[in-house]
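A.B. asks: Have a look at the structure that comes next, please.
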Amino acid sequence: MKKSSLLFFVLFVSFSSFLSANDTPKTYKADVIIYGGTSAAIASAIQLKRMGKSVLVVCPEKHIGGLSSSGLGFTDLGNKRVIGGISKEFYEEVYAHYQNKEAWNWQPKTDYGNIAQGTTAIDDDLKTMWTFEPHVAENIFENFVKENQIEILRDKWLDRESGVKMEKGKIVSITMLDGTTYKAKIFIDATYEGDLMAAAGVKYHVGREANSVYNEKWNGVQKEEFHHSHNFGDRKISPYVIPGDPTSGILPRISTEDPGEQGSGDHRVQAYNYRLCTTNAEGNVVPFEKPENYDPAQYELLRRVFESGRYSMFGGGKIPNMKRDVNNVGPFSSDNIGMNYEYPEASYEKRK
């Protein structure tokens, strides 16, 4: 072998060894490992740091804060005086943000209606604010993370098949799909799906239980029960492709399955709702683009609802800067009914 070839061989072997060493999946340790990037995850991490514990947040998300930073800015609120701790600190930060004139770049503060769910949006007595734009919430969570020196490892997906190691009924480590492993004394599942608990063998149920299971009335199948306006009411809307002609087939988004016996259990999960942050502020409006695969038939039922005299599919509360936290209203709305029944137990790819 020539000298130059030998040198190349040595360098190649050394470089290969270097790559192998750096490609070895890492193992992280902390007193507490939190899986998930929701608001509950951040609040838990803050409290643990204040208690002097080491903590790591490991989450599939790239944007932290869960619902609060993803569209739900019109807070569901009961008795506001029972909200305390880190939750109240969050709403105090919202209040402080909107005290700045610069925060009102699309609307003067004086023009904001100051209406929240059952209370005022801006509470000068408690120094809290209960409505906010999603990006404001995300910035507050990110500031919490920096101030408390919380380490977050994002885009980390739990190996749900074999990534949870148990000893004597306790989790001792969890491993992600990228091979990284996390060891801790305590693990917190702060996901909405409960993936870590499920992978650890915690018992759970998907769907609606029958009335008989817990001796309750309002679970299970409920036929002809109208608790709200999210239904067709007495509107006679044909479900057929050609109105009134059963031989023409059923419109999309309509199920022909038997709903089951009254009060019986089933596999159906409450609809997942898309929360949208929308605006009509001139200069800040981006038009909805028609998707390449748009299929008008998917919305024929909605068209017929409009024809029947009902013109709303969206509700929602006012949030600052001429925006709304858009919620579902009516029988055809931002609830994608039926499409989530398999989601809780589905693979990551199927969920996507």
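Following the order of the structure tokens, chains are lettered A, B, ..., residues in each are numbered from 1, and ligands are numbered from 1.
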Quick one: residues within 10 Å of Glu89 (chain A), only C-alpha atoms counted, chain neighbours fewer than 3 positions away excluded, as a PyMOL selection string?
C.D. replies: chain A and resi 43+83-86+92-95+127-128+144
A.B. asks: Mind checking which residues fall within 6 Å of Gly265 (chain A), counting only C-alpha atoms, ignoring those fewer than 3 positions away in the same chain, and posting them as a list of chain:residue names?
C.D. replies: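 Residues meeting the cut-off are A:Arg208, A:Glu209, A:Ala210, A:Gly220.
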A.B. asks: From the DSSP assignment of the backbone, select every residue of region 20-124 of chain A that is strand (DSSP E), and format the answer as JSON, numbers by chain.
C.D. replies: {"A": [27, 28, 29, 30, 31, 32, 33, 34, 35, 55, 56, 57, 58, 122, 123]}
A.B. asks: With N, CA and C atoms retained, write the just-selected residues as a tab-separated table (two decimals), in the first residue's frame.
C.D. replies:
chain	number	residue	atom	x	y	z
A	27	THR	N	-27.95	9.60	26.41
A	27	THR	CA	-28.81	9.31	27.55
A	27	THR	C	-28.80	10.54	28.46
A	28	TYR	N	-29.99	11.03	28.77
A	28	TYR	CA	-30.13	12.19	29.63
A	28	TYR	C	-30.71	11.75	30.97
A	29	LYS	N	-30.32	12.46	32.04
A	29	LYS	CA	-30.83	12.16	33.37
A	29	LYS	C	-31.31	13.44	34.04
A	30	ALA	N	-32.36	13.31	34.83
A	30	ALA	CA	-32.89	14.43	35.61
A	30	ALA	C	-33.74	13.86	36.73
A	31	ASP	N	-34.03	14.70	37.71
A	31	ASP	CA	-34.95	14.26	38.78
A	31	ASP	C	-36.32	13.93	38.19
A	32	VAL	N	-36.76	14.81	37.27
A	32	VAL	CA	-38.08	14.64	36.66
A	32	VAL	C	-37.98	14.86	35.15
A	33	ILE	N	-38.57	13.96	34.39
A	33	ILE	CA	-38.69	14.10	32.94
A	33	ILE	C	-40.16	14.36	32.64
A	34	ILE	N	-40.43	15.44	31.90
A	34	ILE	CA	-41.79	15.76	31.48
A	34	ILE	C	-41.91	15.48	30.00
A	35	TYR	N	-42.86	14.64	29.62
A	35	TYR	CA	-43.08	14.36	28.20
A	35	TYR	C	-44.30	15.15	27.73
A	55	VAL	N	-34.90	19.17	35.91
A	55	VAL	CA	-36.04	18.77	35.09
A	55	VAL	C	-35.71	18.95	33.62
A	56	LEU	N	-36.23	18.05	32.81
A	56	LEU	CA	-36.13	18.14	31.35
A	56	LEU	C	-37.52	18.03	30.76
A	57	VAL	N	-37.82	18.90	29.78
A	57	VAL	CA	-39.06	18.78	29.02
A	57	VAL	C	-38.71	18.17	27.68
A	58	VAL	N	-39.29	17.03	27.38
A	58	VAL	CA	-39.05	16.31	26.12
A	58	VAL	C	-40.38	16.25	25.40
A	122	ILE	N	-60.14	42.39	30.53
A	122	ILE	CA	-59.04	43.06	31.25
A	122	ILE	C	-59.51	43.36	32.66
A	123	ASP	N	-58.88	42.74	33.64
A	123	ASP	CA	-59.27	42.89	35.04
A	123	ASP	C	-58.22	43.72	35.77
A.B. asks: Please measure the separation of CA of Thr175 (chain A) and CA of Cys59 (chain A), giving the value in Å to one decimal.
C.D. replies: 11.9 Å
A.B. asks: Mind checking which residues fall within 12 Å of region 331-338 of chain A, counting only C-alpha atoms, ignoring those fewer than 5 positions away in the same chain, and posting them as a PyMOL selection string?
C.D. replies: chain A and resi 207+226+228-235+237+252-257+267-276+298-306+310-316+326+343
A.B. asks: With N, CA and C atoms retained, could you export that selection as a CSV table (one decimal), in the first residue's frame?
C.D. replies:
chain,number,residue,atom,x,y,z
A,207,GLY,N,-63.5,6.3,23.8
A,207,GLY,CA,-64.9,6.3,23.4
A,207,GLY,C,-65.9,6.6,24.6
A,226,PHE,N,-80.9,17.3,22.5
A,226,PHE,CA,-80.3,18.5,22.0
A,226,PHE,C,-80.0,19.5,23.1
A,228,HIS,N,-77.6,21.8,23.0
A,228,HIS,CA,-77.0,23.0,22.4
A,228,HIS,C,-77.5,23.2,21.0
A,229,SER,N,-76.9,24.2,20.3
A,229,SER,CA,-77.4,24.5,19.0
A,229,SER,C,-76.5,23.8,17.9
A,230,HIS,N,-75.7,22.9,18.3
A,230,HIS,CA,-74.8,22.3,17.3
A,230,HIS,C,-75.5,21.1,16.6
A,231,ASN,N,-76.7,21.3,16.1
A,231,ASN,CA,-77.4,20.3,15.4
A,231,ASN,C,-78.3,20.9,14.3
A,232,PHE,N,-79.0,20.1,13.6
A,232,PHE,CA,-79.9,20.6,12.5
A,232,PHE,C,-81.2,21.1,13.0
A,233,GLY,N,-81.6,20.7,14.2
A,233,GLY,CA,-82.8,21.2,14.8
A,233,GLY,C,-84.0,20.6,13.9
A,234,ASP,N,-85.0,21.5,13.6
A,234,ASP,CA,-86.1,21.0,12.8
A,234,ASP,C,-86.0,21.3,11.3
A,235,ARG,N,-84.7,21.6,10.9
A,235,ARG,CA,-84.5,21.8,9.5
A,235,ARG,C,-84.5,20.5,8.7
A,237,ILE,N,-83.2,18.8,5.9
A,237,ILE,CA,-82.2,18.9,4.9
A,237,ILE,C,-81.9,17.5,4.4
A,252,PRO,N,-71.1,13.3,1.3
A,252,PRO,CA,-69.9,13.2,2.2
A,252,PRO,C,-70.2,13.8,3.5
A,253,ARG,N,-69.6,13.3,4.6
A,253,ARG,CA,-69.6,13.7,5.9
A,253,ARG,C,-70.9,13.3,6.7
A,254,ILE,N,-71.6,12.3,6.0
A,254,ILE,CA,-72.8,11.8,6.7
A,254,ILE,C,-72.6,10.3,6.9
A,255,SER,N,-72.8,9.8,8.1
A,255,SER,CA,-72.7,8.4,8.5
A,255,SER,C,-74.0,7.7,8.3
A,256,THR,N,-73.9,6.5,7.8
A,256,THR,CA,-75.1,5.6,7.7
A,256,THR,C,-75.1,4.6,8.7
A,257,GLU,N,-74.1,4.6,9.7
A,257,GLU,CA,-74.0,3.6,10.7
A,257,GLU,C,-75.2,3.8,11.7
A,267,HIS,N,-67.3,3.4,20.3
A,267,HIS,CA,-66.0,3.8,20.1
A,267,HIS,C,-65.8,5.3,19.8
A,268,ARG,N,-66.9,6.0,19.8
A,268,ARG,CA,-66.9,7.4,19.3
A,268,ARG,C,-66.3,8.4,20.3
A,269,VAL,N,-65.4,9.3,19.9
A,269,VAL,CA,-64.7,10.2,20.7
A,269,VAL,C,-65.3,11.6,20.4
A,270,GLN,N,-65.4,12.5,21.4
A,270,GLN,CA,-65.8,13.8,21.1
A,270,GLN,C,-65.0,14.5,20.0
A,271,ALA,N,-65.7,15.2,19.1
A,271,ALA,CA,-65.0,15.8,18.0
A,271,ALA,C,-63.9,16.7,18.4
A,272,TYR,N,-62.8,16.6,17.6
A,272,TYR,CA,-61.7,17.5,17.8
A,272,TYR,C,-62.0,18.8,17.0
A,273,ASN,N,-61.8,19.9,17.6
A,273,ASN,CA,-62.2,21.2,17.0
A,273,ASN,C,-60.9,22.0,16.6
A,274,TYR,N,-61.0,22.5,15.4
A,274,TYR,CA,-59.9,23.4,14.9
A,274,TYR,C,-60.2,24.8,15.4
A,275,ARG,N,-59.3,25.4,16.2
A,275,ARG,CA,-59.4,26.7,16.7
A,275,ARG,C,-58.6,27.7,15.8
A,276,LEU,N,-59.3,28.6,15.2
A,276,LEU,CA,-58.6,29.5,14.3
A,276,LEU,C,-58.5,30.9,14.8
A,298,GLN,N,-67.5,17.9,-0.6
A,298,GLN,CA,-67.3,17.8,0.8
A,298,GLN,C,-68.1,18.8,1.6
A,299,TYR,N,-68.5,19.9,0.9
A,299,TYR,CA,-69.2,21.0,1.6
A,299,TYR,C,-70.6,21.2,1.1
A,300,GLU,N,-71.1,20.2,0.4
A,300,GLU,CA,-72.5,20.4,-0.1
A,300,GLU,C,-73.5,20.4,1.1
A,301,LEU,N,-73.2,19.6,2.1
A,301,LEU,CA,-74.1,19.7,3.3
A,301,LEU,C,-74.1,21.0,3.9
A,302,LEU,N,-73.0,21.7,4.0
A,302,LEU,CA,-72.9,23.0,4.5
A,302,LEU,C,-73.7,24.0,3.6
A,303,ARG,N,-73.6,23.9,2.3
A,303,ARG,CA,-74.3,24.7,1.4
A,303,ARG,C,-75.8,24.6,1.7
A,304,ARG,N,-76.3,23.4,1.9
A,304,ARG,CA,-77.7,23.2,2.2
A,304,ARG,C,-78.1,23.7,3.6
A,305,VAL,N,-77.2,23.7,4.5
A,305,VAL,CA,-77.5,24.3,5.8
A,305,VAL,C,-77.7,25.8,5.6
A,306,PHE,N,-76.8,26.4,4.8
A,306,PHE,CA,-77.0,27.9,4.5
A,306,PHE,C,-78.3,28.1,3.8
A,310,ARG,N,-79.8,29.1,7.9
A,310,ARG,CA,-78.7,29.2,9.0
A,310,ARG,C,-77.4,29.6,8.3
A,311,TYR,N,-76.9,30.8,8.7
A,311,TYR,CA,-75.8,31.3,7.9
A,311,TYR,C,-74.5,31.3,8.7
A,312,SER,N,-74.4,30.6,9.8
A,312,SER,CA,-73.2,30.6,10.7
A,312,SER,C,-72.7,29.2,10.8
A,313,MET,N,-71.3,29.1,10.7
A,313,MET,CA,-70.7,27.8,11.0
A,313,MET,C,-69.6,28.1,12.0
A,314,PHE,N,-69.3,29.4,12.3
A,314,PHE,CA,-68.3,29.8,13.2
A,314,PHE,C,-68.8,30.7,14.3
A,315,GLY,N,-68.4,30.5,15.5
A,315,GLY,CA,-68.6,31.5,16.6
A,315,GLY,C,-67.3,31.9,17.1
A,316,GLY,N,-67.3,32.4,18.3
A,316,GLY,CA,-66.0,32.7,18.9
A,316,GLY,C,-65.9,34.1,19.5
A,326,VAL,N,-61.9,31.7,16.8
A,326,VAL,CA,-63.0,31.1,16.1
A,326,VAL,C,-63.3,29.7,16.7
A,343,TYR,N,-58.0,8.2,16.2
A,343,TYR,CA,-56.8,9.0,16.5
A,343,TYR,C,-56.1,8.6,17.8
A.B. asks: Quick one: residues within 12 Å of Ala96 (chain A), only C-alpha atoms, excluding same-chain residues fewer than 5 positions away - as a PDB file with N, CA, C and O atoms, in the first residue's frame?
C.D. replies:
ATOM      1  N   GLU A  89     -50.107  33.546  37.150  1.00  0.00           N
ATOM      2  CA  GLU A  89     -48.913  34.260  36.689  1.00  0.00           C
ATOM      3  C   GLU A  89     -48.950  34.446  35.167  1.00  0.00           C
ATOM      4  O   GLU A  89     -48.541  35.484  34.646  1.00  0.00           O
ATOM      5  N   PHE A  90     -49.440  33.421  34.472  1.00  0.00           N
ATOM      6  CA  PHE A  90     -49.560  33.512  33.010  1.00  0.00           C
ATOM      7  C   PHE A  90     -50.494  34.656  32.631  1.00  0.00           C
ATOM      8  O   PHE A  90     -50.156  35.503  31.786  1.00  0.00           O
ATOM      9  N   TYR A  91     -51.678  34.712  33.262  1.00  0.00           N
ATOM     10  CA  TYR A  91     -52.653  35.751  32.927  1.00  0.00           C
ATOM     11  C   TYR A  91     -52.194  37.134  33.390  1.00  0.00           C
ATOM     12  O   TYR A  91     -52.590  38.144  32.798  1.00  0.00           O
ATOM     13  N   LYS A 101     -48.790  50.272  24.891  1.00  0.00           N
ATOM     14  CA  LYS A 101     -49.471  50.818  23.717  1.00  0.00           C
ATOM     15  C   LYS A 101     -49.021  50.101  22.454  1.00  0.00           C
ATOM     16  O   LYS A 101     -49.805  49.896  21.519  1.00  0.00           O
ATOM     17  N   GLU A 102     -47.739  49.688  22.420  1.00  0.00           N
ATOM     18  CA  GLU A 102     -47.193  49.031  21.228  1.00  0.00           C
ATOM     19  C   GLU A 102     -47.852  47.684  20.950  1.00  0.00           C
ATOM     20  O   GLU A 102     -47.779  47.166  19.832  1.00  0.00           O
ATOM     21  N   ALA A 103     -48.491  47.095  21.952  1.00  0.00           N
ATOM     22  CA  ALA A 103     -49.137  45.789  21.761  1.00  0.00           C
ATOM     23  C   ALA A 103     -50.409  45.899  20.930  1.00  0.00           C
ATOM     24  O   ALA A 103     -50.873  44.913  20.360  1.00  0.00           O
ATOM     25  N   ILE A 122     -60.141  42.393  30.532  1.00  0.00           N
ATOM     26  CA  ILE A 122     -59.045  43.056  31.249  1.00  0.00           C
ATOM     27  C   ILE A 122     -59.514  43.359  32.665  1.00  0.00           C
ATOM     28  O   ILE A 122     -60.452  44.124  32.861  1.00  0.00           O
ATOM     29  N   ASP A 123     -58.879  42.736  33.636  1.00  0.00           N
ATOM     30  CA  ASP A 123     -59.275  42.888  35.038  1.00  0.00           C
ATOM     31  C   ASP A 123     -58.219  43.719  35.766  1.00  0.00           C
ATOM     32  O   ASP A 123     -57.153  43.215  36.136  1.00  0.00           O
ATOM     33  N   ASP A 124     -58.509  44.998  35.956  1.00  0.00           N
ATOM     34  CA  ASP A 124     -57.543  45.892  36.597  1.00  0.00           C
ATOM     35  C   ASP A 124     -57.395  45.617  38.089  1.00  0.00           C
ATOM     36  O   ASP A 124     -56.363  45.975  38.677  1.00  0.00           O
ATOM     37  N   LEU A 126     -57.461  42.481  39.597  1.00  0.00           N
ATOM     38  CA  LEU A 126     -56.600  41.305  39.767  1.00  0.00           C
ATOM     39  C   LEU A 126     -55.319  41.409  38.946  1.00  0.00           C
ATOM     40  O   LEU A 126     -54.443  40.550  39.070  1.00  0.00           O
ATOM     41  N   LYS A 127     -55.231  42.459  38.113  1.00  0.00           N
ATOM     42  CA  LYS A 127     -54.076  42.626  37.222  1.00  0.00           C
ATOM     43  C   LYS A 127     -53.883  41.400  36.329  1.00  0.00           C
ATOM     44  O   LYS A 127     -52.783  40.875  36.146  1.00  0.00           O
ATOM     45  N   THR A 128     -55.016  40.930  35.803  1.00  0.00           N
ATOM     46  CA  THR A 128     -55.003  39.773  34.901  1.00  0.00           C
ATOM     47  C   THR A 128     -55.774  40.125  33.634  1.00  0.00           C
ATOM     48  O   THR A 128     -56.628  41.021  33.636  1.00  0.00           O
ATOM     49  N   MET A 129     -55.472  39.394  32.570  1.00  0.00           N
ATOM     50  CA  MET A 129     -56.225  39.527  31.321  1.00  0.00           C
ATOM     51  C   MET A 129     -56.502  38.133  30.798  1.00  0.00           C
ATOM     52  O   MET A 129     -55.600  37.292  30.729  1.00  0.00           O
ATOM     53  N   TRP A 130     -57.762  37.883  30.440  1.00  0.00           N
ATOM     54  CA  TRP A 130     -58.211  36.518  30.142  1.00  0.00           C
ATOM     55  C   TRP A 130     -58.327  36.232  28.654  1.00  0.00           C
ATOM     56  O   TRP A 130     -58.673  35.117  28.267  1.00  0.00           O
ATOM     57  N   PHE A 132     -56.344  36.796  24.707  1.00  0.00           N
ATOM     58  CA  PHE A 132     -55.009  37.088  24.173  1.00  0.00           C
ATOM     59  C   PHE A 132     -54.847  36.476  22.792  1.00  0.00           C
ATOM     60  O   PHE A 132     -55.570  35.550  22.402  1.00  0.00           O
ATOM     61  N   VAL A 136     -48.833  35.819  21.475  1.00  0.00           N
ATOM     62  CA  VAL A 136     -48.509  36.432  22.764  1.00  0.00           C
ATOM     63  C   VAL A 136     -48.352  35.349  23.822  1.00  0.00           C
ATOM     64  O   VAL A 136     -47.414  35.372  24.626  1.00  0.00           O
ATOM     65  N   ILE A 140     -44.934  34.300  25.996  1.00  0.00           N
ATOM     66  CA  ILE A 140     -44.915  34.251  27.458  1.00  0.00           C
ATOM     67  C   ILE A 140     -44.350  32.915  27.930  1.00  0.00           C
ATOM     68  O   ILE A 140     -43.514  32.868  28.847  1.00  0.00           O
TER      69      ILE A 140
END
A.B. asks: Need the shell around Asn105 (chain A): protein/DNA/RNA residues with any atom at most 10 Å away, counting only C-alpha atoms. Skip same-chain ones fewer than 3 positions apart. Format as a PyMOL selection string?
C.D. replies: chain A and resi 101-102+108-109+320-322
